[in-house]
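S.K.: Compact mmCIF, C-alpha atoms, saved as input-v4.txt, coming up:
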```txt
# COMPACT_ATOMS: atom_id res chain seq x y z
CA MET A 29 0.00 0.00 0.00
CA PRO A 30 1.57 3.32 -1.04
CA ASN A 31 2.09 6.09 1.45
CA GLY A 32 -0.17 9.13 1.49
CA ILE A 33 0.74 12.60 0.22
CA CYS A 34 3.89 13.19 2.21
CA GLY A 35 7.63 13.12 1.93
CA LEU A 36 9.78 13.61 -1.13
CA TYR A 37 7.81 14.01 -4.37
CA VAL A 38 10.06 13.73 -7.43
CA ILE A 39 8.81 15.03 -10.75
CA VAL A 40 10.47 13.12 -13.59
CA ASP A 41 10.48 15.16 -16.76
CA PRO A 42 12.54 13.54 -19.56
CA ALA A 43 13.61 17.04 -20.60
CA ALA A 44 15.12 17.65 -17.15
CA CYS A 45 17.07 14.43 -16.63
CA ALA A 46 20.38 15.66 -18.03
CA GLY A 47 20.03 13.36 -21.04
CA ARG A 48 19.65 10.19 -18.97
CA ASP A 49 16.94 7.57 -19.25
CA PRO A 50 14.01 8.92 -17.18
CA VAL A 51 13.18 5.40 -15.99
CA ASP A 52 16.69 5.08 -14.53
CA VAL A 53 16.36 8.48 -12.89
CA ALA A 54 13.03 7.46 -11.36
CA ARG A 55 14.54 4.22 -10.08
CA LEU A 56 17.43 6.02 -8.41
CA ALA A 57 15.06 8.58 -6.88
CA LEU A 58 12.92 5.79 -5.46
CA GLU A 59 15.97 3.98 -4.12
CA GLY A 60 16.90 7.25 -2.46
CA GLY A 61 13.54 7.39 -0.73
CA ALA A 62 11.08 9.30 -2.95
CA ALA A 63 7.57 8.65 -1.66
CA MET A 64 5.85 10.01 -4.76
CA VAL A 65 6.89 10.22 -8.40
CA GLN A 66 5.21 12.33 -11.04
CA TRP A 67 5.60 11.70 -14.76
CA ARG A 68 5.66 14.94 -16.71
CA ASP A 69 6.35 15.10 -20.42
CA LYS A 70 5.21 18.26 -22.16
CA ARG A 71 6.84 17.40 -25.48
CA CYS A 72 5.95 13.92 -26.66
CA ASP A 73 2.67 12.43 -27.80
CA LYS A 74 1.06 10.14 -25.27
CA GLY A 75 1.68 6.98 -27.24
CA ASP A 76 5.40 7.67 -27.20
CA GLN A 77 5.42 8.09 -23.40
CA ILE A 78 3.44 5.06 -22.44
CA SER A 79 6.18 2.48 -22.01
CA ASP A 80 8.37 4.75 -19.85
CA ALA A 81 5.38 5.73 -17.72
CA ARG A 82 4.36 2.11 -17.22
CA ALA A 83 7.91 1.16 -16.27
CA ILE A 84 8.00 3.92 -13.65
CA ARG A 85 4.59 2.96 -12.35
CA LYS A 86 5.95 -0.57 -11.81
CA LEU A 87 8.98 0.78 -9.94
CA CYS A 88 6.69 2.92 -7.76
CA ARG A 89 4.63 -0.14 -6.82
CA GLU A 90 7.81 -1.97 -5.83
CA HIS A 91 8.80 0.95 -3.59
CA ASP A 92 5.33 1.62 -2.13
CA ALA A 93 5.43 5.05 -3.72
CA LEU A 94 2.54 6.90 -5.34
CA PHE A 95 2.71 7.34 -9.10
CA ILE A 96 1.11 10.52 -10.44
CA VAL A 97 0.77 11.69 -14.05
CA ASN A 98 0.90 15.35 -15.03
CA ASP A 99 -1.95 16.97 -17.00
CA HIS A 100 -3.62 14.01 -18.70
CA VAL A 101 -6.35 12.03 -16.95
CA ASP A 102 -6.68 9.65 -19.89
CA PHE A 103 -2.98 8.86 -19.88
CA ALA A 104 -2.98 8.47 -16.08
CA LEU A 105 -5.78 5.91 -16.33
CA ALA A 106 -4.21 4.15 -19.30
CA VAL A 107 -0.92 3.55 -17.48
CA GLY A 108 -2.54 2.59 -14.18
CA ALA A 109 -1.29 5.61 -12.25
CA ASP A 110 -2.48 6.37 -8.73
CA GLY A 111 -3.39 9.91 -9.64
CA VAL A 112 -3.15 12.94 -11.86
CA HIS A 113 -1.72 16.38 -11.27
CA LEU A 114 -3.49 19.35 -12.87
CA GLY A 115 -2.42 22.92 -13.50
CA GLN A 116 -4.71 25.92 -13.34
CA ARG A 117 -5.20 25.76 -17.12
CA ASP A 118 -5.91 22.03 -17.31
CA LEU A 119 -9.22 20.34 -16.73
CA SER A 120 -10.47 21.29 -13.26
CA ALA A 121 -10.27 18.86 -10.35
CA ALA A 122 -14.06 18.53 -10.57
CA GLU A 123 -13.90 17.64 -14.27
CA ALA A 124 -11.11 15.15 -13.60
CA ARG A 125 -12.86 13.70 -10.56
CA ALA A 126 -15.85 12.83 -12.76
CA LEU A 127 -13.63 10.62 -14.93
CA VAL A 128 -11.68 8.63 -12.34
CA PRO A 129 -12.44 5.86 -9.87
CA GLU A 130 -12.94 6.54 -6.18
CA GLY A 131 -9.69 6.98 -4.30
CA PHE A 132 -7.84 8.29 -7.34
CA VAL A 133 -5.46 11.10 -6.37
CA VAL A 134 -6.19 14.45 -8.00
CA GLY A 135 -3.60 17.13 -7.26
CA VAL A 136 -3.85 20.76 -8.30
CA SER A 137 -1.18 23.45 -8.74
CA THR A 138 -2.10 26.59 -6.88
CA ASN A 139 -0.47 29.91 -6.27
CA ASN A 140 -2.61 31.40 -3.51
CA VAL A 141 -5.34 30.70 -0.95
CA GLU A 142 -8.16 31.42 -3.38
CA GLU A 143 -6.96 28.82 -5.91
CA ALA A 144 -6.33 26.33 -3.12
CA GLU A 145 -9.85 26.77 -1.75
CA ARG A 146 -11.31 26.31 -5.21
CA ALA A 147 -9.30 23.11 -5.64
CA VAL A 148 -10.69 21.83 -2.33
CA ALA A 149 -14.24 22.64 -3.42
CA ASP A 150 -13.56 20.84 -6.71
CA GLY A 151 -12.56 17.66 -4.93
CA ALA A 152 -8.76 17.81 -5.05
CA SER A 153 -6.77 15.31 -2.99
CA TYR A 154 -3.89 17.70 -2.41
CA VAL A 155 -2.78 21.16 -3.45
CA ALA A 156 0.68 22.11 -4.59
CA VAL A 157 1.80 25.62 -3.73
CA GLY A 158 4.52 27.36 -5.65
CA SER A 159 6.81 28.53 -6.78
CA ILE A 160 7.87 29.03 -3.18
CA PHE A 161 11.51 29.64 -4.11
CA ALA A 162 13.02 30.92 -7.35
CA THR A 163 13.32 28.25 -10.04
CA ASP A 164 14.79 27.97 -13.51
CA THR A 165 13.07 24.71 -14.41
CA LYS A 166 9.64 26.12 -15.19
CA SER A 167 9.83 29.49 -16.86
CA THR A 168 6.08 30.11 -16.54
CA ALA A 169 5.95 29.49 -12.79
CA ARG A 170 4.24 32.25 -10.82
CA PRO A 171 6.06 33.41 -7.71
CA ALA A 172 4.83 32.54 -4.22
CA SER A 173 6.70 32.18 -0.94
CA PRO A 174 6.89 30.09 2.22
CA ASP A 175 4.34 32.58 3.63
CA THR A 176 1.92 31.68 0.83
CA LEU A 177 2.36 28.05 1.76
CA ARG A 178 1.71 28.89 5.42
CA ASP A 179 -1.49 30.74 4.48
CA VAL A 180 -2.72 27.88 2.29
CA LYS A 181 -1.92 25.33 4.97
CA ARG A 182 -4.03 27.31 7.44
CA ALA A 183 -6.89 27.71 4.94
CA VAL A 184 -7.32 24.15 3.65
CA ARG A 185 -7.46 20.75 5.30
CA LEU A 186 -5.75 18.90 2.44
CA PRO A 187 -2.13 17.85 2.25
CA VAL A 188 -0.02 20.66 0.88
CA VAL A 189 2.92 20.08 -1.46
CA ALA A 190 5.60 22.74 -1.68
CA ILE A 191 7.12 23.22 -5.12
CA GLY A 192 9.59 25.50 -6.84
CA GLY A 193 13.32 25.81 -6.33
CA ILE A 194 13.45 23.43 -3.36
CA ASN A 195 16.86 21.93 -2.52
CA ALA A 196 18.78 20.60 0.46
CA ASP A 197 19.52 24.14 1.64
CA ASN A 198 15.93 25.36 1.86
CA VAL A 199 13.86 22.22 2.35
CA GLU A 200 13.68 22.91 6.10
CA GLU A 201 12.08 26.24 5.41
CA ALA A 202 9.40 24.59 3.25
CA VAL A 203 8.66 21.99 5.91
CA ALA A 204 8.60 24.61 8.64
CA ALA A 205 6.02 26.52 6.61
CA GLY A 206 3.76 23.47 6.68
CA ALA A 207 4.66 21.39 3.61
CA ASP A 208 3.51 17.78 3.92
CA ALA A 209 5.55 16.94 0.84
CA VAL A 210 8.17 18.74 -1.21
CA ALA A 211 8.19 18.43 -4.97
CA VAL A 212 11.47 18.73 -6.82
CA ILE A 213 12.64 18.35 -10.37
CA SER A 214 16.18 19.53 -10.98
CA ALA A 215 17.43 19.10 -7.39
CA VAL A 216 17.09 15.35 -7.88
CA CYS A 217 16.75 14.60 -11.61
CA ALA A 218 19.43 16.90 -12.97
CA VAL A 219 22.27 16.16 -10.51
CA ASP A 220 25.08 13.64 -10.88
CA ASP A 221 24.10 11.44 -7.96
CA VAL A 222 20.32 11.16 -8.14
CA ARG A 223 20.07 8.59 -5.37
CA ALA A 224 22.13 10.61 -2.91
CA ALA A 225 20.21 13.80 -3.67
CA ALA A 226 16.90 12.03 -3.08
CA GLN A 227 18.25 10.47 0.09
CA GLU A 228 19.31 13.80 1.50
CA LEU A 229 15.89 15.37 0.87
CA ALA A 230 13.89 12.31 1.90
CA ALA A 231 15.81 12.07 5.18
CA ARG A 232 14.03 15.22 6.28
CA PHE A 233 10.78 13.25 6.37
CA LYS A 234 11.96 10.06 8.10
CA VAL A 235 10.28 9.47 11.43
CA MET B 21 -29.84 11.41 -33.11
CA PRO B 22 -26.64 12.30 -34.98
CA ASN B 23 -25.78 10.71 -38.29
CA GLY B 24 -23.17 7.99 -38.55
CA ILE B 25 -19.67 8.36 -39.93
CA CYS B 26 -20.51 9.81 -43.33
CA GLY B 27 -20.61 13.05 -45.22
CA LEU B 28 -18.61 16.18 -44.64
CA TYR B 29 -16.31 16.05 -41.60
CA VAL B 30 -14.95 19.49 -40.72
CA ILE B 31 -11.92 19.73 -38.46
CA VAL B 32 -11.97 23.02 -36.58
CA ASP B 33 -8.50 24.02 -35.49
CA PRO B 34 -8.36 27.55 -34.02
CA ALA B 35 -4.95 27.96 -35.67
CA ALA B 36 -6.49 27.33 -39.11
CA CYS B 37 -9.55 29.59 -38.95
CA ALA B 38 -7.93 32.66 -40.50
CA GLY B 39 -8.10 34.50 -37.19
CA ARG B 40 -11.84 34.05 -36.76
CA ASP B 41 -13.69 32.70 -33.75
CA PRO B 42 -13.60 28.90 -34.12
CA VAL B 43 -17.10 28.61 -32.70
CA ASP B 44 -18.40 30.88 -35.49
CA VAL B 45 -16.52 28.84 -38.06
CA ALA B 46 -18.03 25.63 -36.69
CA ARG B 47 -21.52 27.16 -36.77
CA LEU B 48 -21.15 28.21 -40.41
CA ALA B 49 -19.77 24.79 -41.36
CA LEU B 50 -22.75 23.10 -39.68
CA GLU B 51 -25.17 25.47 -41.40
CA GLY B 52 -23.48 24.51 -44.66
CA GLY B 53 -24.16 20.85 -43.96
CA ALA B 54 -21.18 19.38 -42.05
CA ALA B 55 -22.25 16.03 -40.59
CA MET B 56 -19.27 15.76 -38.25
CA VAL B 57 -17.10 18.34 -36.53
CA GLN B 58 -13.77 17.66 -34.90
CA TRP B 59 -12.20 19.99 -32.35
CA ARG B 60 -8.43 20.08 -32.70
CA ASP B 61 -6.24 22.45 -30.72
CA LYS B 62 -2.59 21.47 -30.47
CA ARG B 63 -1.52 24.70 -28.80
CA CYS B 64 -3.66 25.54 -25.79
CA ASP B 65 -4.04 23.82 -22.45
CA LYS B 66 -7.25 21.88 -22.08
CA GLY B 67 -8.77 24.26 -19.56
CA ASP B 68 -8.45 27.11 -22.05
CA GLN B 69 -10.25 25.12 -24.76
CA ILE B 70 -13.18 23.89 -22.76
CA SER B 71 -15.70 26.65 -23.33
CA ASP B 72 -15.17 26.74 -27.12
CA ALA B 73 -15.41 22.96 -27.31
CA ARG B 74 -18.61 22.89 -25.28
CA ALA B 75 -20.13 25.61 -27.44
CA ILE B 76 -19.36 23.61 -30.59
CA ARG B 77 -20.70 20.44 -29.03
CA LYS B 78 -23.99 22.28 -28.41
CA LEU B 79 -24.10 23.48 -32.02
CA CYS B 80 -23.44 19.93 -33.23
CA ARG B 81 -26.36 18.63 -31.19
CA GLU B 82 -28.63 21.26 -32.72
CA HIS B 83 -27.55 20.16 -36.20
CA ASP B 84 -27.63 16.39 -35.53
CA ALA B 85 -23.92 16.30 -36.22
CA LEU B 86 -21.31 14.19 -34.45
CA PHE B 87 -18.82 16.06 -32.29
CA ILE B 88 -15.36 14.50 -32.07
CA VAL B 89 -12.33 15.68 -30.08
CA ASN B 90 -8.77 15.24 -31.32
CA ASP B 91 -6.17 13.41 -29.21
CA HIS B 92 -7.53 13.70 -25.68
CA VAL B 93 -9.99 11.15 -24.32
CA ASP B 94 -10.27 13.00 -21.01
CA PHE B 95 -11.14 16.25 -22.73
CA ALA B 96 -13.62 14.50 -25.03
CA LEU B 97 -15.42 13.03 -22.03
CA ALA B 98 -15.28 16.29 -20.07
CA VAL B 99 -16.99 18.27 -22.84
CA GLY B 100 -19.55 15.58 -23.62
CA ALA B 101 -18.23 14.80 -27.10
CA ASP B 102 -19.53 11.87 -29.12
CA GLY B 103 -16.06 10.59 -29.76
CA VAL B 104 -12.32 11.02 -29.93
CA HIS B 105 -9.90 10.92 -32.83
CA LEU B 106 -6.46 9.42 -32.25
CA GLY B 107 -3.21 9.62 -34.20
CA GLN B 108 -0.71 6.82 -34.50
CA ARG B 109 1.34 8.31 -31.64
CA ASP B 110 -1.58 8.88 -29.26
CA LEU B 111 -3.11 6.33 -26.94
CA SER B 112 -4.23 3.34 -29.00
CA ALA B 113 -7.89 2.76 -29.83
CA ALA B 114 -7.82 -0.16 -27.38
CA GLU B 115 -6.47 2.04 -24.59
CA ALA B 116 -9.06 4.71 -25.37
CA ARG B 117 -11.87 2.18 -25.67
CA ALA B 118 -11.17 1.04 -22.10
CA LEU B 119 -11.88 4.56 -20.83
CA VAL B 120 -15.09 5.46 -22.66
CA PRO B 121 -18.73 4.40 -22.49
CA GLU B 122 -20.25 1.98 -24.97
CA GLY B 123 -21.13 3.59 -28.27
CA PHE B 124 -18.43 6.24 -27.97
CA VAL B 125 -16.81 6.93 -31.33
CA VAL B 126 -13.08 6.18 -31.51
CA GLY B 127 -11.45 7.20 -34.79
CA VAL B 128 -7.88 6.49 -35.76
CA SER B 129 -5.57 8.15 -38.30
CA THR B 130 -3.99 5.58 -40.58
CA ASN B 131 -1.69 5.69 -43.55
CA ASN B 132 -1.92 2.15 -44.90
CA VAL B 133 -3.78 -1.15 -44.69
CA GLU B 134 -1.65 -2.47 -41.84
CA GLU B 135 -2.42 0.49 -39.58
CA ALA B 136 -6.09 0.33 -40.53
CA GLU B 137 -6.30 -3.37 -39.67
CA ARG B 138 -4.62 -2.74 -36.34
CA ALA B 139 -7.13 0.02 -35.60
CA VAL B 140 -9.97 -2.38 -36.36
CA ALA B 141 -8.48 -5.00 -34.04
CA ASP B 142 -8.13 -2.30 -31.35
CA GLY B 143 -11.83 -1.45 -31.51
CA ALA B 144 -11.84 1.68 -33.66
CA SER B 145 -15.18 3.02 -34.91
CA TYR B 146 -13.72 4.43 -38.10
CA VAL B 147 -10.35 4.86 -39.76
CA ALA B 148 -9.13 8.00 -41.43
CA VAL B 149 -6.80 7.51 -44.37
CA GLY B 150 -4.42 10.21 -45.50
CA SER B 151 -2.96 12.32 -46.63
CA ILE B 152 -4.68 11.27 -49.86
CA PHE B 153 -3.85 14.55 -51.62
CA ALA B 154 -1.04 17.02 -50.97
CA THR B 155 -1.72 19.36 -48.05
CA ASP B 156 -0.05 22.34 -46.43
CA THR B 157 -2.13 22.26 -43.24
CA LYS B 158 -0.32 19.46 -41.49
CA SER B 159 3.39 19.48 -42.16
CA THR B 160 3.92 16.07 -40.56
CA ALA B 161 1.28 14.30 -42.66
CA ARG B 162 2.54 11.14 -44.38
CA PRO B 163 1.61 10.79 -48.02
CA ALA B 164 -1.01 8.29 -49.19
CA SER B 165 -3.28 8.32 -52.24
CA PRO B 166 -6.79 7.50 -53.40
CA ASP B 167 -5.40 4.03 -54.13
CA THR B 168 -4.40 3.67 -50.46
CA LEU B 169 -7.96 4.59 -49.53
CA ARG B 170 -9.29 2.02 -51.97
CA ASP B 171 -7.04 -0.67 -50.47
CA VAL B 172 -8.09 0.20 -46.91
CA LYS B 173 -11.75 0.26 -47.87
CA ARG B 174 -11.40 -3.25 -49.29
CA ALA B 175 -9.50 -4.48 -46.23
CA VAL B 176 -11.66 -3.20 -43.37
CA ARG B 177 -15.37 -3.17 -42.67
CA LEU B 178 -15.37 0.15 -40.86
CA PRO B 179 -16.35 3.53 -42.24
CA VAL B 180 -13.38 5.15 -43.94
CA VAL B 181 -12.71 8.87 -43.76
CA ALA B 182 -10.54 10.45 -46.45
CA ILE B 183 -8.28 13.25 -45.28
CA GLY B 184 -5.58 15.51 -46.67
CA GLY B 185 -5.83 18.22 -49.28
CA ILE B 186 -9.47 17.54 -50.12
CA ASN B 187 -11.38 20.34 -51.85
CA ALA B 188 -14.28 20.84 -54.25
CA ASP B 189 -12.09 19.89 -57.20
CA ASN B 190 -10.99 16.48 -55.93
CA VAL B 191 -13.75 15.41 -53.54
CA GLU B 192 -15.29 13.23 -56.25
CA GLU B 193 -12.08 11.30 -56.54
CA ALA B 194 -12.06 10.62 -52.77
CA VAL B 195 -15.66 9.44 -52.82
CA ALA B 196 -15.04 7.30 -55.90
CA ALA B 197 -12.17 5.65 -54.05
CA GLY B 198 -14.59 4.62 -51.30
CA ALA B 199 -14.60 7.45 -48.75
CA ASP B 200 -17.67 7.36 -46.51
CA ALA B 201 -16.74 10.80 -45.22
CA VAL B 202 -14.25 13.45 -46.25
CA ALA B 203 -12.37 15.42 -43.61
CA VAL B 204 -11.27 18.94 -44.39
CA ILE B 205 -9.64 21.77 -42.53
CA SER B 206 -8.52 24.64 -44.70
CA ALA B 207 -10.98 24.00 -47.57
CA VAL B 208 -13.76 25.03 -45.19
CA CYS B 209 -12.25 26.80 -42.17
CA ALA B 210 -9.75 29.04 -43.93
CA VAL B 211 -11.91 30.36 -46.77
CA ASP B 212 -13.93 33.59 -46.87
CA ASP B 213 -17.34 31.96 -47.14
CA VAL B 214 -17.23 29.01 -44.77
CA ARG B 215 -20.91 28.17 -45.18
CA ALA B 216 -20.79 28.09 -48.97
CA ALA B 217 -17.61 26.00 -48.96
CA ALA B 218 -19.22 23.48 -46.61
CA GLN B 219 -22.37 23.45 -48.70
CA GLU B 220 -20.50 22.68 -51.88
CA LEU B 221 -18.65 19.74 -50.30
CA ALA B 222 -21.64 18.44 -48.32
CA ALA B 223 -23.81 18.50 -51.45
CA ARG B 224 -21.74 15.58 -52.75
CA PHE B 225 -23.21 13.41 -50.00
CA LYS B 226 -26.87 14.43 -50.19
CA VAL B 227 -29.17 11.57 -51.13
```
Step by step, read the file and then write its structure as structure tokens.

M.R.:
Amino acid sequence: MPNGICGLYVIVDPAACAGRDPVDVARLALEGGAAMVQWRDKRCDKGDQISDARAIRKLCREHDALFIVNDHVDFALAVGADGVHLGQRDLSAAEARALVPEGFVVGVSTNNVEEAERAVADGASYVAVGSIFATDTKSTARPASPDTLRDVKRAVRLPVVAIGGINADNVEEAVAAGADAVAVISAVCAVDDVRAAAQELAARFKV
Amino acid sequence: MPNGICGLYVIVDPAACAGRDPVDVARLALEGGAAMVQWRDKRCDKGDQISDARAIRKLCREHDALFIVNDHVDFALAVGADGVHLGQRDLSAAEARALVPEGFVVGVSTNNVEEAERAVADGASYVAVGSIFATDTKSTARPASPDTLRDVKRAVRLPVVAIGGINADNVEEAVAAGADAVAVISAVCAVDDVRAAAQELAARFKV
């Protein structure tokens, strides 16, 4: 049985894996202790992503980690993911919820309390809040801060995922602000030693 | 009750509507006699497409036309479309079929008999064959010919949609080769008088 929405949440984007096989990167991140993995591929058609996504889903099962797919509910269902993660310009959580079985995880990117409260009303399973630190990975990310995260955490009763520029130096600040999970891309996927980077961040969540 | 897979099939792509409102273009095409409309937007996030797609779905209902969505099964379901159209690099028809209710239309782009037969085996409702004439609209289109269409029509028992460079001058050739429907983009959506262009092509299918 996978964990809930907590701990290290690694977003595997083939474009951000420093040219390495994204399945290998996911495996190393899971070995390092990632509790959640998200598949995010903004470039390829779904058919071209399906075998990598299924391979990562299998690895997540083996590590009791949740496997989430970015943007596409149909793809998430087709590869047997545990959930889908939606941006503010994707289908809404309510629209997604209508298409998925009970217990399916539906996460929503938010940037402020208002968006987080709407996600809750729409049936989201968690909200991500970001970008809480400066990031180069996602050029369109809207700025937020640890204070935004704190406000959202106070306003909603869902798990809150911190995202945006998180690394070993600032992860404490995100957790102190109320993050149940921290989502990272480059801090794990783009570094030389993926497993060690995951381990260092995941250690923050060990009981 | 909408018609089956036959007649004029207009693909409305906001990028190919000569700057006009795609909902207006769809309305004029339906007034001109389109029996099927496909929504295809490769550029925008799904959330940004939803109100246009729902508006066109409503127009299709009023005109007893089928409304099909390109690529995304989740989006097709969310907007209440009658079906989805899949390329060779999208989810397969079998993967899509597993996500949709009975009677949902699943169309597949094919380029030869082999792909058409696989689509049939996967549970497709129709196959599109193209590009049967030269086209500028889709730069990645693989060439086929009216002979390809003829071969596919002989090989499969599904409705066959001809696509690629079809216009008033060559539509007869597509129909003579066995097309149950002809799909067009620019020949209807990019011209000054959308309604008249649709009328001219649709007239070919009137009993």

S.K.: Return the single residue from B:Gly39, B:Pro166, B:Gly185, B:Gly107 that is closest to Val147 in chain B, with distances computed using only C-alpha atoms.

M.R.: B:Gly107

S.K.: Within 8 Å of Gly52 in chain B, counting only C-alpha atoms, which residues show up once you throw out same-chain ones fewer than 3 positions away? Write them as an MDAnalysis selection string, please.

M.R.: chainID B and resid 48:49 214:219 222

S.K.: Measuring between all atoms listed in the file, which one of B:His92, B:Arg177, B:Arg138, B:Lys226 shows the shortest distance to chain A?

M.R.: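 Among B:His92, B:Arg177, B:Arg138, B:Lys226, it is B:His92 that comes nearest to chain A.
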
S.K.: Excluding Gln116 in chain A and any residue of its chain fewer than 4 positions from it, enumerate the residues within 8 Å of it, using all atoms listed in the file, and give them as a JSON list (two decimals) with C-alpha atoms, keeping the file's coordinate frame.

M.R.:
```json
[["chain", "number", "residue", "atom", "x", "y", "z"],
["A", 120, "SER", "CA", -10.47, 21.29, -13.26],
["A", 136, "VAL", "CA", -3.85, 20.76, -8.30],
["A", 137, "SER", "CA", -1.18, 23.45, -8.74],
["A", 138, "THR", "CA", -2.10, 26.59, -6.88],
["B", 67, "GLY", "CA", -8.77, 24.26, -19.56]]
```

S.K.: Identify which of the residues B:Phe225, B:Trp59, B:Phe87, B:Phe95 lies closest to chain A, counting all atoms listed in the file when measuring atom-to-atom distances.

M.R.: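 Among the listed residues, the smallest separation from chain A belongs to B:Phe95.
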
S.K.: Using 9 Å as the limit and counting all atoms listed in the file, can you tabulate each residue of chain A that touches chain B, with its shortest atom-to-atom distance in Å and the two atoms involved, as a tab-separated table?

M.R.:
```
residue	atom	partner	partner_atom	distance
A:Cys72	CA	B:Arg109	CA	8.8
A:Asp73	CA	B:Asp110	CA	5.7
A:Lys74	CA	B:Asp110	CA	4.9
A:Gly75	CA	B:Asp110	CA	4.3
A:Asp76	CA	B:Arg109	CA	6.1
A:Ile78	CA	B:Leu111	CA	8.0
A:Asp99	CA	B:Lys66	CA	8.8
A:His100	CA	B:Asp94	CA	7.1
A:Val101	CA	B:Asp94	CA	5.7
A:Asp102	CA	B:Asp94	CA	5.0
A:Phe103	CA	B:Leu111	CA	7.5
A:Leu105	CA	B:Leu119	CA	7.7
A:Ala106	CA	B:Glu115	CA	6.1
A:Gly115	CA	B:Gly67	CA	8.9
A:Gln116	CA	B:Gly67	CA	7.6
A:Arg117	CA	B:Gly67	CA	4.6
A:Asp118	CA	B:Gly67	CA	4.3
A:Leu119	CA	B:Gly67	CA	4.9
A:Ser120	CA	B:Gly67	CA	7.2
A:Glu123	CA	B:Ala98	CA	6.1
A:Ala124	CA	B:Asp94	CA	7.8
A:Ala126	CA	B:Ala98	CA	8.1
A:Leu127	CA	B:Asp94	CA	7.3
```

S.K.: I want to know what sits within 12 Å of Leu229 in chain A, based on only C-alpha atoms, with residues of the same chain fewer than 4 positions away left out; could you give that as an NGL selection string?

M.R.: :A and (35-38 or 57-58 or 60-63 or 194-200 or 202-203 or 209-212 or 215-216 or 222-225 or 233-234)

S.K.: First collect every listed atom of range 132-147 of chain A; then fit an axis-aligned box around them, widen it by 3 Å on each side, and give centre and edge lengths in Å to one decimal, as AutoDock Vina command-line options.

M.R.:
```
--center_x -5.9 --center_y 19.9 --center_z -4.8 --size_x 16.8 --size_y 29.1 --size_z 13.8
```

S.K.: Enter the distance from CA of Gly24 in chain B to CA of Ala101 in chain B, in Å, rounded to one decimal.

M.R.: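 Computed distance, CA of Gly24 in chain B to CA of Ala101 in chain B, equals 14.2 Å.
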
S.K.: Hey, can you check how far CA of Glu51 in chain B sits from CA of Cys80 in chain B?

M.R.: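 These atoms are spaced 10.0 Å apart.
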
S.K.: Tell me which protein, DNA and RNA residues are within 8 Å of Ala210 in chain B, counting all atoms listed in the file, leaving out same-chain ones fewer than 5 positions away, and put them as a ChimeraX atom specification.

M.R.: /B:36-38,205
